[in-house]
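Q: Contents of start28.pdb (PDB, C-alpha atoms):
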MODEL        1
ATOM      1  CA  MET A   1       9.898   5.022  10.029
ATOM      2  CA  THR A   2       9.156   6.245  13.526
ATOM      3  CA  ASP A   3      11.601   6.249  16.433
ATOM      4  CA  PRO A   4      11.180   2.973  18.396
ATOM      5  CA  ASP A   5      11.563   4.921  21.635
ATOM      6  CA  ARG A   6       8.589   7.132  20.871
ATOM      7  CA  PRO A   7       5.028   5.978  21.530
ATOM      8  CA  ALA A   8       3.320   4.833  18.350
ATOM      9  CA  LYS A   9       0.755   7.138  16.823
ATOM     10  CA  THR A  10      -2.427   5.518  15.694
ATOM     11  CA  ASN A  11      -5.132   6.498  13.253
ATOM     12  CA  PRO A  12      -3.913   9.996  12.309
ATOM     13  CA  SER A  13      -6.190  12.315  10.379
ATOM     14  CA  GLN A  14      -5.227  13.129   6.811
ATOM     15  CA  SER A  15      -6.398  15.413   4.028
ATOM     16  CA  VAL A  16      -6.649  14.885   0.278
ATOM     17  CA  GLN A  17      -7.731  17.148  -2.570
ATOM     18  CA  VAL A  18     -10.931  16.227  -4.419
ATOM     19  CA  PHE A  19     -13.154  17.717  -7.123
ATOM     20  CA  ASP A  20     -16.929  17.661  -7.391
ATOM     21  CA  ALA A  21     -17.509  14.675  -9.693
ATOM     22  CA  ASP A  22     -19.536  16.676 -12.200
ATOM     23  CA  LEU A  23     -16.544  18.983 -12.807
ATOM     24  CA  ILE A  24     -14.908  16.098 -14.702
ATOM     25  CA  TRP A  25     -17.256  15.645 -17.627
ATOM     26  CA  VAL A  26     -17.519  14.020 -21.045
ATOM     27  CA  THR A  27     -16.596  16.397 -23.863
ATOM     28  CA  SER A  28     -16.865  13.775 -26.602
ATOM     29  CA  GLY A  29     -18.492  10.365 -26.631
ATOM     30  CA  ALA A  30     -21.651   8.445 -25.832
ATOM     31  CA  ASN A  31     -22.282  10.285 -22.569
ATOM     32  CA  GLN A  32     -21.369  13.774 -23.789
ATOM     33  CA  GLY A  33     -22.154  16.396 -21.176
ATOM     34  CA  ASP A  34     -22.343  13.944 -18.256
ATOM     35  CA  GLY A  35     -20.058  14.167 -15.238
ATOM     36  CA  LEU A  36     -17.995  11.323 -13.796
ATOM     37  CA  ASP A  37     -20.355   8.697 -12.419
ATOM     38  CA  LEU A  38     -20.709   5.093 -11.273
ATOM     39  CA  ALA A  39     -18.922   2.503 -13.398
ATOM     40  CA  ALA A  40     -22.141   1.088 -14.868
ATOM     41  CA  LEU A  41     -23.101   4.552 -16.147
ATOM     42  CA  CYS A  42     -19.769   5.295 -17.845
ATOM     43  CA  GLU A  43     -18.699   4.292 -21.340
ATOM     44  CA  PRO A  44     -15.079   3.316 -22.161
ATOM     45  CA  GLY A  45     -13.754   5.457 -24.996
ATOM     46  CA  ASP A  46     -15.511   8.606 -23.821
ATOM     47  CA  ILE A  47     -13.215  11.618 -23.501
ATOM     48  CA  TYR A  48     -13.309  13.632 -20.286
ATOM     49  CA  GLN A  49     -11.932  17.018 -19.331
ATOM     50  CA  LEU A  50     -11.636  18.841 -16.040
ATOM     51  CA  GLU A  51     -13.852  21.947 -16.041
ATOM     52  CA  ARG A  52     -11.864  25.092 -16.710
ATOM     53  CA  GLY A  53     -11.366  27.007 -13.484
ATOM     54  CA  ALA A  54     -12.232  23.987 -11.324
ATOM     55  CA  GLU A  55     -10.717  24.219  -7.862
ATOM     56  CA  PRO A  56     -10.032  21.191  -5.679
ATOM     57  CA  ARG A  57     -11.474  21.092  -2.180
ATOM     58  CA  ARG A  58      -9.923  19.615   0.940
ATOM     59  CA  LEU A  59     -11.393  16.380   2.237
ATOM     60  CA  VAL A  60     -10.208  15.663   5.764
ATOM     61  CA  LEU A  61     -10.297  12.018   6.804
ATOM     62  CA  ALA A  62     -10.883  11.294  10.465
ATOM     63  CA  GLY A  63      -8.606   8.781  12.151
ATOM     64  CA  GLY A  64     -10.156   5.391  12.742
ATOM     65  CA  ALA A  65     -10.914   2.078  11.073
ATOM     66  CA  GLU A  66     -13.983   3.448   9.286
ATOM     67  CA  GLN A  67     -13.677   6.043   6.542
ATOM     68  CA  ARG A  68     -15.349   9.199   7.821
ATOM     69  CA  ILE A  69     -15.029  12.927   7.276
ATOM     70  CA  GLY A  70     -12.962  14.738   9.871
ATOM     71  CA  ALA A  71     -13.098  18.218  11.324
ATOM     72  CA  GLY A  72     -11.850  20.993   9.051
ATOM     73  CA  SER A  73     -12.998  19.361   5.818
ATOM     74  CA  GLU A  74     -14.259  21.684   3.077
ATOM     75  CA  ILE A  75     -16.886  19.132   2.060
ATOM     76  CA  GLY A  76     -19.480  17.181   4.029
ATOM     77  CA  ARG A  77     -19.878  17.232   7.785
ATOM     78  CA  PRO A  78     -17.619  15.762  10.504
ATOM     79  CA  GLY A  79     -18.446  12.123  11.163
ATOM     80  CA  GLU A  80     -20.206  11.597   7.828
ATOM     81  CA  ALA A  81     -19.331   8.233   6.287
ATOM     82  CA  ILE A  82     -17.711   8.108   2.867
ATOM     83  CA  THR A  83     -17.394   5.153   0.502
ATOM     84  CA  LEU A  84     -15.210   4.434  -2.496
ATOM     85  CA  VAL A  85     -17.708   3.385  -5.171
ATOM     86  CA  ALA A  86     -15.670   3.233  -8.391
ATOM     87  CA  ARG A  87     -12.250   3.411  -9.935
ATOM     88  CA  HIS A  88     -11.824   5.005 -13.371
ATOM     89  CA  MET A  89      -8.681   4.374 -15.390
ATOM     90  CA  MET A  90      -7.969   7.065 -17.978
ATOM     91  CA  MET A  91      -5.225   7.807 -20.488
ATOM     92  CA  THR A  92      -3.702  11.146 -21.477
ATOM     93  CA  PRO A  93      -2.778  12.028 -25.071
ATOM     94  CA  GLU A  94       0.860  11.241 -24.130
ATOM     95  CA  GLY A  95      -0.076   7.703 -23.092
ATOM     96  CA  ASP A  96       0.206   8.201 -19.324
ATOM     97  CA  THR A  97      -2.501   6.572 -17.222
ATOM     98  CA  VAL A  98      -4.422   8.336 -14.474
ATOM     99  CA  ASP A  99      -6.553   6.577 -11.875
ATOM    100  CA  ILE A 100      -9.506   8.526 -10.476
ATOM    101  CA  LEU A 101     -11.380   7.234  -7.443
ATOM    102  CA  LEU A 102     -15.067   8.099  -7.104
ATOM    103  CA  ILE A 103     -16.138   8.850  -3.542
ATOM    104  CA  ARG A 104     -19.746   8.936  -2.354
ATOM    105  CA  ALA A 105     -20.610  10.725   0.856
ATOM    106  CA  GLU A 106     -23.433   9.577   3.124
ATOM    107  CA  SER A 107     -25.465  12.539   1.833
ATOM    108  CA  GLY A 108     -25.202  11.155  -1.713
ATOM    109  CA  ALA A 109     -22.767  13.811  -2.976
ATOM    110  CA  MET A 110     -20.048  12.440  -5.276
ATOM    111  CA  PHE A 111     -16.417  13.519  -5.427
ATOM    112  CA  ALA A 112     -13.500  12.579  -7.660
ATOM    113  CA  LEU A 113     -10.030  11.946  -6.290
ATOM    114  CA  PRO A 114      -7.307  11.816  -8.996
ATOM    115  CA  LEU A 115      -4.331   9.702  -7.931
ATOM    116  CA  SER A 116      -2.112  11.726 -10.268
ATOM    117  CA  PRO A 117      -2.354  15.448 -11.066
ATOM    118  CA  ILE A 118      -4.935  16.402 -13.704
ATOM    119  CA  ALA A 119      -5.436  19.728 -15.444
ATOM    120  CA  PRO A 120      -8.102  21.524 -17.523
ATOM    121  CA  ARG A 121      -7.952  21.532 -21.339
ATOM    122  CA  ILE A 122      -6.429  18.042 -21.447
ATOM    123  CA  ASP A 123      -8.323  15.092 -22.877
ATOM    124  CA  TYR A 124      -8.568  12.022 -20.647
ATOM    125  CA  THR A 125      -9.861   8.936 -22.449
ATOM    126  CA  LEU A 126     -11.691   6.453 -20.245
ATOM    127  CA  LEU A 127     -10.071   3.032 -20.586
ATOM    128  CA  GLU A 128     -11.998   1.158 -17.930
ATOM    129  CA  ALA A 129     -14.438   1.830 -15.106
ATOM    130  CA  GLN A 130     -14.593  -0.620 -12.207
ATOM    131  CA  GLU A 131     -17.274  -0.869  -9.547
ATOM    132  CA  ASP A 132     -14.760  -2.446  -7.166
ATOM    133  CA  PRO A 133     -11.959   0.046  -6.484
ATOM    134  CA  GLY A 134      -9.838  -2.777  -5.049
ATOM    135  CA  GLU A 135     -10.386  -2.010  -1.365
ATOM    136  CA  VAL A 136      -8.153   1.033  -1.600
ATOM    137  CA  ARG A 137      -8.392   3.076   1.592
ATOM    138  CA  LEU A 138      -8.192   6.840   1.264
ATOM    139  CA  ALA A 139      -5.692   6.839   4.121
ATOM    140  CA  ASP A 140      -3.356   4.832   1.867
ATOM    141  CA  LEU A 141      -2.993   7.591  -0.721
ATOM    142  CA  VAL A 142       0.721   8.175  -0.546
ATOM    143  CA  CYS A 143       3.509   7.239  -2.903
ATOM    144  CA  VAL A 144       6.974   7.340  -1.429
ATOM    145  CA  ALA A 145      10.013   5.622  -2.864
ATOM    146  CA  PHE A 146      11.798   2.312  -2.318
ATOM    147  CA  THR A 147      10.430  -1.075  -1.289
ATOM    148  CA  THR A 148      11.515  -3.447   1.473
ATOM    149  CA  GLY A 149      14.825  -5.143   0.795
ATOM    150  CA  THR A 150      16.275  -2.425  -1.450
ATOM    151  CA  MET A 151      20.041  -2.352  -0.900
ATOM    152  CA  ILE A 152      21.381   1.164  -0.231
ATOM    153  CA  THR A 153      25.099   1.970  -0.528
ATOM    154  CA  MET A 154      26.488   3.330   2.736
ATOM    155  CA  ALA A 155      29.388   5.747   3.288
ATOM    156  CA  GLY A 156      32.001   2.974   3.513
ATOM    157  CA  GLY A 157      30.787   1.235   0.353
ATOM    158  CA  ALA A 158      28.884  -1.575   2.075
ATOM    159  CA  GLN A 159      25.223  -2.071   1.237
ATOM    160  CA  ALA A 160      22.364  -2.255   3.739
ATOM    161  CA  PRO A 161      18.640  -3.052   3.345
ATOM    162  CA  ILE A 162      16.635   0.154   3.446
ATOM    163  CA  GLU A 163      14.408  -1.085   6.287
ATOM    164  CA  THR A 164      17.458  -1.264   8.607
ATOM    165  CA  LEU A 165      18.487   2.378   8.116
ATOM    166  CA  ARG A 166      18.071   4.932  10.893
ATOM    167  CA  PRO A 167      18.517   8.721  11.197
ATOM    168  CA  GLY A 168      22.210   9.518  11.546
ATOM    169  CA  ASP A 169      23.385   6.634   9.351
ATOM    170  CA  ARG A 170      25.792   7.900   6.709
ATOM    171  CA  VAL A 171      24.803   7.138   3.137
ATOM    172  CA  LEU A 172      26.943   7.601   0.023
ATOM    173  CA  THR A 173      25.597  10.313  -2.294
ATOM    174  CA  ARG A 174      26.752  11.064  -5.813
ATOM    175  CA  ASP A 175      27.261  14.815  -5.417
ATOM    176  CA  SER A 176      27.932  15.353  -1.711
ATOM    177  CA  GLY A 177      29.828  12.230  -0.667
ATOM    178  CA  PRO A 178      28.810  10.575   2.629
ATOM    179  CA  GLN A 179      25.771  12.306   4.132
ATOM    180  CA  PRO A 180      23.838  11.594   7.346
ATOM    181  CA  LEU A 181      20.238  10.527   7.011
ATOM    182  CA  ARG A 182      17.875  12.955   8.668
ATOM    183  CA  LEU A 183      14.741  10.809   8.495
ATOM    184  CA  VAL A 184      13.397   7.526   7.121
ATOM    185  CA  THR A 185       9.658   7.340   6.450
ATOM    186  CA  ARG A 186       7.520   4.321   5.662
ATOM    187  CA  ALA A 187       3.979   3.727   4.393
ATOM    188  CA  THR A 188       2.181   0.428   3.788
ATOM    189  CA  MET A 189      -0.071   0.562   0.752
ATOM    190  CA  ARG A 190      -2.224  -1.554  -1.482
ATOM    191  CA  ALA A 191      -0.171  -2.325  -4.638
ATOM    192  CA  LEU A 192      -2.922  -1.189  -6.976
ATOM    193  CA  GLY A 193      -3.146   1.052 -10.015
ATOM    194  CA  SER A 194      -1.050   4.198  -9.687
ATOM    195  CA  PHE A 195       0.588   2.790  -6.547
ATOM    196  CA  ALA A 196       1.636  -0.590  -7.931
ATOM    197  CA  PRO A 197       5.455  -0.649  -7.800
ATOM    198  CA  VAL A 198       7.675  -0.694 -10.870
ATOM    199  CA  VAL A 199      10.084  -3.621 -11.181
ATOM    200  CA  ILE A 200      13.445  -2.991 -12.872
ATOM    201  CA  PRO A 201      15.052  -6.461 -13.020
ATOM    202  CA  ALA A 202      18.710  -6.943 -12.117
ATOM    203  CA  GLY A 203      21.031  -5.821 -14.903
ATOM    204  CA  THR A 204      18.446  -3.816 -16.848
ATOM    205  CA  LEU A 205      20.082  -0.471 -16.013
ATOM    206  CA  GLY A 206      23.251  -1.975 -14.561
ATOM    207  CA  ASN A 207      21.534  -2.542 -11.209
ATOM    208  CA  GLU A 208      22.978  -5.396  -9.157
ATOM    209  CA  GLY A 209      19.612  -6.687  -7.910
ATOM    210  CA  ASP A 210      15.973  -6.129  -8.796
ATOM    211  CA  LEU A 211      15.134  -2.484  -8.117
ATOM    212  CA  VAL A 212      11.489  -2.096  -7.083
ATOM    213  CA  VAL A 213      10.295   1.484  -6.603
ATOM    214  CA  SER A 214       7.125   3.560  -6.625
ATOM    215  CA  PRO A 215       6.036   4.715 -10.107
ATOM    216  CA  HIS A 216       6.919   8.390  -9.645
ATOM    217  CA  HIS A 217      10.335   7.715  -8.132
ATOM    218  CA  ARG A 218      13.071   8.992 -10.425
ATOM    219  CA  ILE A 219      16.116   7.129 -11.700
ATOM    220  CA  PHE A 220      19.283   9.107 -12.473
ATOM    221  CA  LEU A 221      20.821   8.445 -15.900
ATOM    222  CA  TYR A 222      24.155   9.803 -17.103
ATOM    223  CA  ARG A 223      24.593   9.783 -20.874
ATOM    224  CA  ARG A 224      27.327  11.749 -22.655
ATOM    225  CA  GLY A 225      27.984  12.617 -26.281
ATOM    226  CA  GLU A 226      25.882  10.833 -28.853
ATOM    227  CA  LYS A 227      24.129   8.843 -26.109
ATOM    228  CA  ARG A 228      22.840  11.999 -24.432
ATOM    229  CA  LEU A 229      19.058  11.957 -24.029
ATOM    230  CA  GLY A 230      18.233  15.592 -23.386
ATOM    231  CA  ASP A 231      19.832  19.011 -23.247
ATOM    232  CA  THR A 232      22.207  17.851 -20.518
ATOM    233  CA  SER A 233      24.140  14.655 -19.873
ATOM    234  CA  GLU A 234      22.326  14.189 -16.543
ATOM    235  CA  VAL A 235      18.718  13.048 -16.777
ATOM    236  CA  LEU A 236      16.093  11.987 -14.222
ATOM    237  CA  VAL A 237      13.437   9.535 -15.415
ATOM    238  CA  GLN A 238      10.306   8.519 -13.500
ATOM    239  CA  ALA A 239      10.212   4.755 -13.130
ATOM    240  CA  LYS A 240       6.730   4.564 -14.684
ATOM    241  CA  HIS A 241       8.113   5.958 -17.959
ATOM    242  CA  LEU A 242      10.533   3.027 -18.223
ATOM    243  CA  VAL A 243       7.740   0.453 -18.222
ATOM    244  CA  ASP A 244       7.517  -1.432 -21.510
ATOM    245  CA  GLY A 245       6.027  -4.713 -20.284
ATOM    246  CA  GLU A 246       9.116  -6.650 -21.346
ATOM    247  CA  HIS A 247      12.203  -5.201 -19.699
ATOM    248  CA  VAL A 248      10.418  -3.219 -16.973
ATOM    249  CA  TRP A 249       6.914  -3.848 -15.634
ATOM    250  CA  ARG A 250       4.376  -3.008 -12.912
ATOM    251  CA  ARG A 251       3.710  -5.462 -10.069
ATOM    252  CA  GLU A 252       0.074  -5.351  -8.948
ATOM    253  CA  GLY A 253      -1.511  -7.224  -6.084
ATOM    254  CA  GLY A 254      -1.190  -7.476  -2.328
ATOM    255  CA  TYR A 255       0.468  -4.793  -0.244
ATOM    256  CA  VAL A 256       3.796  -3.008  -0.452
ATOM    257  CA  ASP A 257       5.927  -1.115   2.075
ATOM    258  CA  TYR A 258       7.328   2.097   0.591
ATOM    259  CA  TYR A 259      10.315   3.843   2.212
ATOM    260  CA  ALA A 260      11.726   7.331   1.620
ATOM    261  CA  LEU A 261      15.104   8.746   2.632
ATOM    262  CA  VAL A 262      15.343  12.389   3.721
ATOM    263  CA  PHE A 263      18.617  14.360   3.769
ATOM    264  CA  ASP A 264      19.468  18.021   4.259
ATOM    265  CA  ARG A 265      19.429  18.325   0.475
ATOM    266  CA  HIS A 266      17.753  16.539  -2.399
ATOM    267  CA  GLU A 267      20.437  13.921  -3.103
ATOM    268  CA  ILE A 268      21.256  11.220  -5.587
ATOM    269  CA  VAL A 269      21.926   7.980  -3.688
ATOM    270  CA  TYR A 270      22.764   4.456  -4.861
ATOM    271  CA  ALA A 271      20.110   1.733  -4.715
ATOM    272  CA  GLU A 272      21.055  -1.725  -5.951
ATOM    273  CA  GLY A 273      24.233  -0.048  -7.179
ATOM    274  CA  ILE A 274      22.664   2.577  -9.472
ATOM    275  CA  PRO A 275      21.919   6.268  -8.816
ATOM    276  CA  VAL A 276      18.379   7.282  -7.833
ATOM    277  CA  GLU A 277      16.897  10.280  -6.059
ATOM    278  CA  SER A 278      16.142  10.732  -2.378
ATOM    279  CA  LEU A 279      12.861  12.291  -1.271
ATOM    280  CA  GLN A 280      12.595  15.889  -2.425
ATOM    281  CA  VAL A 281      10.967  17.759   0.440
ATOM    282  CA  SER A 282       8.651  20.519  -0.770
ATOM    283  CA  GLU A 283       5.073  21.580  -0.179
ATOM    284  CA  ALA A 284       4.048  19.600  -3.267
ATOM    285  CA  THR A 285       5.539  16.320  -2.062
ATOM    286  CA  LEU A 286       4.473  16.777   1.545
ATOM    287  CA  SER A 287       0.879  17.307   0.445
ATOM    288  CA  LEU A 288       0.876  13.774  -1.011
ATOM    289  CA  MET A 289       2.010  12.097   2.205
ATOM    290  CA  PRO A 290      -0.054  11.041   5.245
ATOM    291  CA  GLU A 291      -0.460  13.841   7.741
ATOM    292  CA  GLU A 292       1.409  11.857  10.392
ATOM    293  CA  LEU A 293       4.533  11.607   8.240
ATOM    294  CA  THR A 294       4.217  15.185   7.019
ATOM    295  CA  ALA A 295       3.906  16.411  10.604
ATOM    296  CA  GLU A 296       6.957  14.350  11.582
ATOM    297  CA  ILE A 297       9.089  15.863   8.819
ATOM    298  CA  ARG A 298       7.970  19.387   9.679
ATOM    299  CA  ALA A 299       8.458  18.821  13.411
ATOM    300  CA  ARG A 300      11.877  17.177  13.172
ATOM    301  CA  LEU A 301      13.145  19.192  10.210
ATOM    302  CA  PRO A 302      11.372  22.561  10.524
ATOM    303  CA  GLY A 303      11.760  24.826   7.529
ATOM    304  CA  LEU A 304      13.378  22.134   5.386
ATOM    305  CA  SER A 305      12.700  22.754   1.708
ATOM    306  CA  HIS A 306      14.802  21.256  -1.039
ATOM    307  CA  LYS A 307      15.884  22.669  -4.349
ATOM    308  CA  PRO A 308      15.497  19.932  -6.963
ATOM    309  CA  HIS A 309      18.558  18.225  -8.399
ATOM    310  CA  PHE A 310      19.765  20.041 -11.503
ATOM    311  CA  GLY A 311      19.409  17.025 -13.811
ATOM    312  CA  THR A 312      16.891  17.402 -16.634
ATOM    313  CA  GLU A 313      13.738  15.300 -16.314
ATOM    314  CA  ALA A 314      13.004  13.051 -19.284
ATOM    315  CA  GLY A 315       9.312  12.483 -19.909
ATOM    316  CA  ARG A 316       7.475   9.757 -21.777
ATOM    317  CA  GLU A 317       7.623  11.663 -25.078
ATOM    318  CA  LEU A 318      11.429  11.853 -25.011
ATOM    319  CA  LEU A 319      11.766   8.175 -24.164
ATOM    320  CA  GLU A 320       9.400   7.252 -26.978
ATOM    321  CA  ARG A 321      11.527   9.258 -29.376
ATOM    322  CA  VAL A 322      14.903   7.797 -28.403
ATOM    323  CA  GLY A 323      13.543   4.317 -27.630
ATOM    324  CA  ARG A 324      13.641   2.719 -24.204
ATOM    325  CA  ASP A 325      15.785  -0.132 -25.456
ATOM    326  CA  THR A 326      18.648   2.333 -25.867
ATOM    327  CA  LEU A 327      18.681   2.665 -22.061
ATOM    328  CA  PHE A 328      18.610  -1.009 -21.191
ATOM    329  CA  LYS A 329      21.715  -3.155 -20.880
ATOM    330  CA  LYS A 330      22.012  -5.804 -23.527
ATOM    331  CA  LYS A 331      21.950  -9.344 -22.201
ATOM    332  CA  ASP A 332      24.592 -11.795 -23.344
TER     333      ASP A 332
ENDMDL
END
Represent the structure of the file as structure tokens.
A:
Amino acid sequence: MTDPDRPAKTNPSQSVQVFDADLIWVTSGANQGDGLDLAALCEPGDIYQLERGAEPRRLVLAGGAEQRIGAGSEIGRPGEAITLVARHMMMTPEGDTVDILLIRAESGAMFALPLSPIAPRIDYTLLEAQEDPGEVRLADLVCVAFTTGTMITMAGGAQAPIETLRPGDRVLTRDSGPQPLRLVTRATMRALGSFAPVVIPAGTLGNEGDLVVSPHHRIFLYRRGEKRLGDTSEVLVQAKHLVDGEHVWRREGGYVDYYALVFDRHEIVYAEGIPVESLQVSEATLSLMPEELTAEIRARLPGLSHKPHFGTEAGRELLERVGRDTLFKKKD
């Protein structure tokens, strides 16, 4: 969220990491040997891998209403138009889904933009290929944290909607007590695929109201003794791993405003009454945010780099083993 006293910035440039489309190719299936291609030329069920040694290249997006390549890009030429021509939904062996957008440059060259990290030597099974990528704009490729209306617990115990918070407001944290906010960021995105928010209905984890967060945002769980999930009693779980379609689900369609809270440290705050993480500032997370927001964090908080919270992260495999229903509150 920008300072209301500062002039608004418009149409900032931004960079994303892409691969040549043919570096993601079919290792087993009907189209064995072929690279990622238009939806009509791909076959669901085919297994893809990222070429060993493949290196992503920087695609700089020029500011403006049209999607064009900007100066400093490692592919194409400045001013060249680019178009999103397909969206491929794939699944990892662990059951996680990965969306990959196919980009065609004006020259005809094709590039793949994974919306989640992918790695060589891992099988990605194509679930579905769509010609219409859902009007996703490349400038929207950011996943932050909370949605509009999320109630955050303040230093005095009162709750306030996240969209009303400003730098300097004191927020209650689990480990450090009341802490001043350093920055609040916001991004408006299409609620599609990897960026569709996760809905945790009121009461599911003891939350007072519906908690709606971005898929990669992590929930803090404290389980002692026999109820302990991992090697420690403190566990962080990405919201997407809680989705079971019954207790917790994804909400697709329309647009969503995502907000992130930045402190001096990576903190655990209270949203809808339950502990969740604040934005962890690091080169990895900043690289996923629009350049305007990244520049603002670096300009206002130069040198800020967080150590992650010491809680163990529970992945999908662990949750499958212990059963998600062991986490959810039983309804009367």
Q: What does the distance between CA of Gln130 (chain A) and CA of Gln17 (chain A) come to in Å, to one decimal place?
A: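 Taking CA of Gln130 (chain A) and CA of Gln17 (chain A), their separation equals 21.3 Å.
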Q: Identify all residues satisfying the PyMOL selection byres ((chain A and resi 156) around 10) in the given file; provide them as an MDAnalysis selection string.
A: chainID A and resid 153:155 157:159 170:172 178
Q: Given the file shown, determine the residues that the PyMOL selection byres ((chain A and resi 214) around 10) selects; report them as a tab-separated table (two decimals) with C-alpha atoms, keeping the file's coordinate frame.
A:
chain	number	residue	atom	x	y	z
A	142	VAL	CA	0.72	8.18	-0.55
A	143	CYS	CA	3.51	7.24	-2.90
A	144	VAL	CA	6.97	7.34	-1.43
A	145	ALA	CA	10.01	5.62	-2.86
A	146	PHE	CA	11.80	2.31	-2.32
A	147	THR	CA	10.43	-1.08	-1.29
A	191	ALA	CA	-0.17	-2.33	-4.64
A	194	SER	CA	-1.05	4.20	-9.69
A	195	PHE	CA	0.59	2.79	-6.55
A	196	ALA	CA	1.64	-0.59	-7.93
A	197	PRO	CA	5.46	-0.65	-7.80
A	198	VAL	CA	7.68	-0.69	-10.87
A	199	VAL	CA	10.08	-3.62	-11.18
A	212	VAL	CA	11.49	-2.10	-7.08
A	213	VAL	CA	10.30	1.48	-6.60
A	215	PRO	CA	6.04	4.72	-10.11
A	216	HIS	CA	6.92	8.39	-9.64
A	217	HIS	CA	10.34	7.72	-8.13
A	218	ARG	CA	13.07	8.99	-10.42
A	238	GLN	CA	10.31	8.52	-13.50
A	239	ALA	CA	10.21	4.76	-13.13
A	240	LYS	CA	6.73	4.56	-14.68
A	250	ARG	CA	4.38	-3.01	-12.91
A	256	VAL	CA	3.80	-3.01	-0.45
A	257	ASP	CA	5.93	-1.12	2.08
A	258	TYR	CA	7.33	2.10	0.59
A	259	TYR	CA	10.32	3.84	2.21
Q: Would you translate the PyMOL selection byres ((chain A and resi 76-79) around 12) into the concrete set of residues it matches in this file, as a ChimeraX atom specification?
A: /A:13,20,57-64,66-75,80-82,103-111
Q: Give the padded box for region 255-266 of chain A as JSON: axis-aligned, covering all atoms listed in the file, 6 Å on each side, centre and edge lengths in Å to one decimal.
A:
{"center_x": 10.0, "center_y": 6.8, "center_z": 0.9, "size_x": 31.0, "size_y": 35.1, "size_z": 18.7}
Q: How close does each residue of region 57-112 of chain A get to region 38-48 of chain A, giving the shortest atom pair and distance in Å to one decimal for every residue with an atom at most 12 Å away, counting only C-alpha atoms, sorted by chain and residue number, as a tab-separated table?
A:
residue	atom	partner	partner_atom	distance
A:Leu84	CA	A:Leu38	CA	10.4
A:Val85	CA	A:Leu38	CA	7.0
A:Ala86	CA	A:Ala39	CA	6.0
A:Arg87	CA	A:Ala39	CA	7.6
A:His88	CA	A:Ala39	CA	7.5
A:Met89	CA	A:Pro44	CA	9.4
A:Met90	CA	A:Tyr48	CA	8.8
A:Met91	CA	A:Ile47	CA	9.4
A:Thr92	CA	A:Ile47	CA	9.7
A:Pro93	CA	A:Ile47	CA	10.6
A:Val98	CA	A:Tyr48	CA	11.9
A:Ile100	CA	A:Ala39	CA	11.6
A:Leu101	CA	A:Leu38	CA	10.3
A:Leu102	CA	A:Leu38	CA	7.6
A:Ile103	CA	A:Leu38	CA	9.7
A:Arg104	CA	A:Leu38	CA	9.8
A:Met110	CA	A:Leu38	CA	9.5
A:Phe111	CA	A:Leu38	CA	11.1
A:Ala112	CA	A:Leu38	CA	11.0
Q: From the list A:Leu36, A:Ile200, A:Leu165, A:Val26, which residue is nearest Ala129 (chain A) when using all atoms listed in the file?
A: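 Closest residue, counting all atoms listed in the file: A:Leu36.
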Q: Could you jot down the CA of Ser278 (chain A) to CA of Thr173 (chain A) separation for me, Å, one decimal place?
A: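 Going from CA of Ser278 (chain A) over to CA of Thr173 (chain A) covers 9.5 Å.
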Q: Measure the distance from CA of Val235 (chain A) to CA of Phe220 (chain A) in Å and round it to one decimal.
A: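 Result for CA of Val235 (chain A) versus CA of Phe220 (chain A): 5.9 Å, one decimal.
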Q: Within 10 Å of (-21.0, 15.3, -20.6) (coordinates as in the file), grab all the protein and nucleic acid residues, counting only C-alpha atoms, and write them out as a list in words.
A: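 Those within range, by chain then number, are Asp22, Leu23, Ile24, Trp25, Val26, Thr27, Ser28, Gly29, Ala30, Asn31, Gln32, Gly33, Asp34, Gly35, Leu36, Asp46, Ile47, Tyr48 and Gln49 of chain A.
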Q: Counting only C-alpha atoms, which of A:Pro161, A:Pro275, A:Gly95, A:Pro56 gets nearest to Glu234 (chain A)?
A: A:Pro275
Q: Which of these, A:Ala187, A:Leu192, A:Val16, A:Ala271, has the shortest distance to Gly209 (chain A) once you count all atoms listed in the file?
A: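 Closest to Gly209 (chain A), using all atoms listed in the file: A:Ala271.
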Q: Would you kindly return, as number ranges by chain, each protein, DNA or RNA residue with an atom no farther than 9 Å from any atom of region 299-302 of chain A, considering all atoms listed in the file and excluding same-chain residues fewer than 2 positions away?
A: A: 182-183, 264, 294-297, 304-305
Q: Of the candidates A:Ala260, A:Ile274, A:Val184, A:Ile152, which shows the shortest atom-to-atom distance to Ile219 (chain A), using only C-alpha atoms?
A: A:Ile274
Q: Between A:Pro114, A:Gly303, A:Pro120, A:Gly203, which one has atoms that come closest to Arg52 (chain A), using only C-alpha atoms?
A: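 Closest candidate: A:Pro120.
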Q: Quick one: of A:Thr125, A:Ile162, A:His306, A:Phe263, who's nearest to Val281 (chain A), counting all atoms listed in the file?
A: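 Of the candidates, the smallest distance to Val281 (chain A) is held by A:His306.
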